[in-house]
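For reference, the structure is listed below as structure tokens.
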Amino acid sequence: MKYALIGCGRVAVNHLHAAKKNGFELVAVCDVDPLQIDDLFDRAGLSDAERGAVRRYADHRSLLAGETLDLVSIATPSGLHAAIALDVMEAGVNVLIEKPVALSISDASKLIETAKRKGVTAGVCHQNRFNLSVQEMRRHLEAGDFGRLSNAAVTVRWSRGRDYYEQAAWRGTWAEDGGCLMNQCIHGVDLLLWMCGGDLVSVSGRIRNVQHPYIEGEDVGAATLTFANGVIATVEGTVNVPGDNLEEHLTLIGETGVMKLGGTSANTVDYSYFENGGSAPLLREETANVYGNGHVSLFRDFAEAIRQGRDPYVTLEDGKNALAAILSIYRSSQTNAPVTALPEDFGTMSMKP
Ligand SMILES: NC(=O)c1ccc[n+]([C@@H]2O[C@H](COP(=O)([O-])OP(=O)(O)OC[C@H]3O[C@@H](n4cnc5c(N)ncnc54)[C@H](O)[C@@H]3O)[C@@H](O)[C@H]2O)c1
């Protein structure tokens, strides 16, 4: 299948690697900065022959006009995801979008509507669902080993300093990114929503910027989420940890089972107990960084989804749910009140003073 990548920055190397491992033929790349393309090819270890076979574009519309494609993946700044993905889908091409899927509810709704209308396969990169630890939790959940769930918690305690935010002007802005909940914690929130199931009926949250006065978004946030099925969950996220990333934990507690995932990106099983005796093995999946290994499995699933004409493992609706949960925390903090429904036009830009 013919594949093109739009946005050739930090995470892009995971896309190239995952696409190659799953048999996609890289035919084109697009970045507004040509140096980023060279740098990506270096990091991905492409040979001269491989580089020569890839056409380079500075504008994604020219790429879409010039190529016949089966898949485009988008790894641009977050504020561009929705607009570029809409163009890709309007061109009739399947699309895999980096997280967050969009920065407003209305944009996420437009993506879902367009994918349906154009009949394309579309999904979002919440690759941590493929962590071995997360798959183990999911297996126990689907087997009914937890019994009735009562509560869950996700904590993301990472470290991002001035050097990180100064790498690119879009980072930490309301127009292009959001703060640590939208950027760093969204994977954990996605896992929490996926495990707890059902709709959110109420979100109470608080965000602050304590240590990063040079960005617009929050560097710490905490929230309580109540689900329609009665489950209560908490979210705590920060990039204020001095030194290195400390941890990303996910704990799920049910009547007959409990599991705690840990490591720096929910990549270990730290504890499990199930009354039926089927405890999960303690495990530690080695990862090069907090992006984990999941992009390879995500692209594998996406290739199968295209071939089989089925939904991918992580859908646009999943991406919209994670986005909506975080926007609800933002709105709750802004209005000083619990959020039971978000206005369709709410987005990160609604947080701009
Ligand atoms: N799934 C994950 O674990 C994960 C990890 C890191 C980043 N991300 C997401 O991936 C996206 C990119 O993050 P990053 O850290 O790689 O950022 P980055 O700034 O390193 O890379 C973004 C690239 O997009 C290019 N770009 C900007 N405007 C463009 C346009 N109009 N057309 C084409 N290219 C354009 C930039 O020149 C840059 O090379 C973000 O949305 C981020 O949230 C996801």
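Identifiers in the structure tokens: chain A, B, ... in order shown; residue index from 1 per chain; ligand index from 1 in order shown.
For A:Val101, the set of protein, DNA and RNA residues having any atom at most 8 Å away, when counting only C-alpha atoms and skipping those fewer than 4 positions along the same chain, is Ser78, His81, Ala82, Ile97, Ala108, Val124, Leu316, Gly319, Lys320 and Leu323 of chain A.
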Neighbours of stretch 244-257 of chain A within 7 Å (only C-alpha atoms; same-chain residues fewer than 5 positions away dropped), as a ChimeraX atom specification?
/A:145-159,262-266,273-275
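For A:Asp31, the set of protein, DNA and RNA residues having any atom at most 8 Å away, when counting only C-alpha atoms and skipping those fewer than 5 positions along the same chain, is Ile6, Gly7, Cys8, Gln36, Ile37, Tyr57, Ala58, Asp59 and His60 of chain A.
The neighbours of A:Ala341 here are the residues that come within 10 Å of it, using only C-alpha atoms and leaving out any residue fewer than 4 positions away in the same chain; they are Leu200, Val201, Ser202, Val203, Ala324, Ser328 and Arg331 of chain A.
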Keeping N, CA and C atoms for every residue in the selection just given, could you write it to a file as a short mmCIF file (atom, residue, chain, number, x, y, z; two decimals), in the first residue's frame?
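Saved to again19.cif:
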data_model
loop_
_atom_site.label_atom_id
_atom_site.label_comp_id
_atom_site.auth_asym_id
_atom_site.auth_seq_id
_atom_site.Cartn_x
_atom_site.Cartn_y
_atom_site.Cartn_z
N LEU A 200 -19.26 9.78 29.96
CA LEU A 200 -19.03 10.62 31.14
C LEU A 200 -20.30 11.42 31.41
N VAL A 201 -20.70 11.46 32.69
CA VAL A 201 -21.86 12.30 33.01
C VAL A 201 -21.45 13.59 33.71
N SER A 202 -20.25 13.60 34.31
CA SER A 202 -19.83 14.81 35.01
C SER A 202 -18.31 14.84 35.14
N VAL A 203 -17.74 16.03 34.95
CA VAL A 203 -16.29 16.21 35.09
C VAL A 203 -16.04 17.46 35.93
N ALA A 324 -12.71 15.30 24.40
CA ALA A 324 -13.84 15.89 25.14
C ALA A 324 -13.60 15.82 26.65
N SER A 328 -13.37 19.07 28.89
CA SER A 328 -14.31 19.22 30.02
C SER A 328 -13.56 19.64 31.29
N ARG A 331 -12.87 23.29 30.83
CA ARG A 331 -14.09 24.10 31.00
C ARG A 331 -14.49 24.17 32.49
#
Give as a ChimeraX atom specification the residues surrounding ligand 1 up to a distance of 9 Å, considering only C-alpha atoms and all ligand atoms.
/A:5-14,29-37,40,57-60,74-81,84,97-102,124-128,167-171,176-177,182-184,187,290-292,294-295
Residues of stretch 99-219 of chain A in strand (DSSP E), written as a tab-separated table (two decimals) with N, CA and C atoms, in the first residue's frame:
chain	number	residue	atom	x	y	z
A	122	ALA	N	-10.32	5.86	9.05
A	122	ALA	CA	-9.64	6.95	9.76
A	122	ALA	C	-9.48	6.58	11.23
A	123	GLY	N	-8.34	6.94	11.79
A	123	GLY	CA	-8.09	6.61	13.19
A	123	GLY	C	-7.11	7.57	13.81
A	124	VAL	N	-6.82	7.34	15.08
A	124	VAL	CA	-5.99	8.27	15.83
A	124	VAL	C	-4.91	7.49	16.58
A	125	CYS	N	-3.74	8.12	16.75
A	125	CYS	CA	-2.58	7.44	17.34
A	125	CYS	C	-2.62	7.45	18.87
A	149	LEU	N	-16.90	-2.66	38.14
A	149	LEU	CA	-15.87	-1.66	38.43
A	149	LEU	C	-16.42	-0.62	39.39
A	150	SER	N	-15.56	-0.16	40.30
A	150	SER	CA	-15.99	0.96	41.16
A	150	SER	C	-15.18	2.22	40.89
A	151	ASN	N	-13.85	2.08	40.74
A	151	ASN	CA	-13.06	3.31	40.53
A	151	ASN	C	-11.76	3.03	39.79
A	152	ALA	N	-11.18	4.13	39.30
A	152	ALA	CA	-9.95	4.03	38.51
A	152	ALA	C	-9.19	5.33	38.66
A	153	ALA	N	-7.89	5.27	38.36
A	153	ALA	CA	-7.09	6.50	38.46
A	153	ALA	C	-5.97	6.46	37.44
A	154	VAL	N	-5.67	7.61	36.86
A	154	VAL	CA	-4.48	7.74	36.03
A	154	VAL	C	-3.64	8.91	36.54
A	155	THR	N	-2.34	8.67	36.66
A	155	THR	CA	-1.43	9.75	37.04
A	155	THR	C	-0.31	9.80	36.02
A	156	VAL	N	-0.06	11.00	35.49
A	156	VAL	CA	1.05	11.18	34.54
A	156	VAL	C	1.95	12.25	35.14
A	157	ARG	N	3.12	11.84	35.61
A	157	ARG	CA	4.03	12.77	36.30
A	157	ARG	C	5.33	12.79	35.53
A	200	LEU	N	-19.26	9.78	29.96
A	200	LEU	CA	-19.03	10.62	31.14
A	200	LEU	C	-20.30	11.42	31.41
A	201	VAL	N	-20.70	11.46	32.69
A	201	VAL	CA	-21.86	12.30	33.01
A	201	VAL	C	-21.45	13.59	33.71
A	202	SER	N	-20.25	13.60	34.31
A	202	SER	CA	-19.83	14.81	35.01
A	202	SER	C	-18.31	14.84	35.14
A	203	VAL	N	-17.74	16.03	34.95
A	203	VAL	CA	-16.29	16.21	35.09
A	203	VAL	C	-16.04	17.46	35.93
A	204	SER	N	-15.26	17.29	37.00
A	204	SER	CA	-14.83	18.45	37.81
A	204	SER	C	-13.32	18.51	37.77
A	205	GLY	N	-12.78	19.64	37.40
A	205	GLY	CA	-11.32	19.68	37.28
A	205	GLY	C	-10.75	21.04	37.57
A	206	ARG	N	-9.44	21.04	37.69
A	206	ARG	CA	-8.71	22.28	37.97
A	206	ARG	C	-7.39	22.21	37.23
A	207	ILE	N	-7.06	23.25	36.51
A	207	ILE	CA	-5.74	23.32	35.88
A	207	ILE	C	-5.02	24.58	36.35
A	208	ARG	N	-3.70	24.52	36.30
A	208	ARG	CA	-2.87	25.64	36.70
A	208	ARG	C	-1.61	25.66	35.85
Which of stretch 101-215 of chain A counts as alpha helix (DSSP H) under DSSP, as a compact mmCIF listing (two decimals) with C-alpha atoms, in the first residue's frame please?
# COMPACT_ATOMS: atom_id res chain seq x y z
CA ILE A 105 -15.33 19.36 19.61
CA SER A 106 -16.73 20.75 16.35
CA ASP A 107 -13.55 19.84 14.43
CA ALA A 108 -13.62 16.29 15.85
CA SER A 109 -17.29 15.99 14.82
CA LYS A 110 -16.43 17.21 11.30
CA LEU A 111 -13.72 14.55 11.02
CA ILE A 112 -16.16 11.79 11.99
CA GLU A 113 -18.82 13.06 9.60
CA THR A 114 -16.34 13.36 6.71
CA ALA A 115 -14.87 9.87 7.23
CA LYS A 116 -18.38 8.40 7.05
CA ARG A 117 -19.37 10.44 4.00
CA LYS A 118 -16.18 9.63 2.08
CA LEU A 132 1.63 -5.37 26.60
CA SER A 133 0.56 -4.26 30.08
CA VAL A 134 -2.52 -2.45 28.76
CA GLN A 135 -3.48 -5.41 26.58
CA GLU A 136 -3.24 -7.63 29.67
CA MET A 137 -5.55 -5.31 31.63
CA ARG A 138 -7.98 -5.25 28.73
CA ARG A 139 -7.93 -9.06 28.46
CA HIS A 140 -8.91 -9.40 32.14
CA LEU A 141 -11.57 -6.73 31.73
CA GLU A 142 -13.13 -8.46 28.71
CA ARG A 162 12.06 25.31 28.86
CA ASP A 163 14.26 23.52 26.29
CA TYR A 164 11.35 21.24 25.34
CA TYR A 165 8.91 24.13 24.83
CA CYS A 180 0.15 19.02 29.68
CA LEU A 181 -3.28 17.36 29.92
CA MET A 182 -3.94 17.78 26.18
CA ASN A 183 -0.43 16.91 25.04
CA ILE A 186 -4.14 12.37 26.71
CA HIS A 187 -2.88 8.79 26.25
CA GLY A 188 -3.54 8.02 29.93
CA VAL A 189 -6.99 9.61 29.69
CA ASP A 190 -7.73 7.54 26.59
CA LEU A 191 -6.78 4.35 28.48
CA LEU A 192 -8.93 5.38 31.45
CA LEU A 193 -11.99 6.04 29.27
CA TRP A 194 -11.44 2.81 27.34
CA MET A 195 -11.21 0.72 30.51
CA CYS A 196 -14.03 2.40 32.44
Near-A:Val72 list (6 Å; only C-alpha atoms; drop same-chain fewer than 2 positions) as a PyMOL selection string
chain A and resi 3-5+95
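Of the residues under consideration (A:Val239, A:Asp318, A:Asp311, A:Met89), A:Asp318 shows the shortest atom-to-atom contact distance to A:Gly197 when counting only C-alpha atoms.
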Counting only C-alpha atoms, which residue out of A:Pro242, A:Tyr313, A:Val235, A:Ser279 sits closest to A:Met259?
A:Ser279
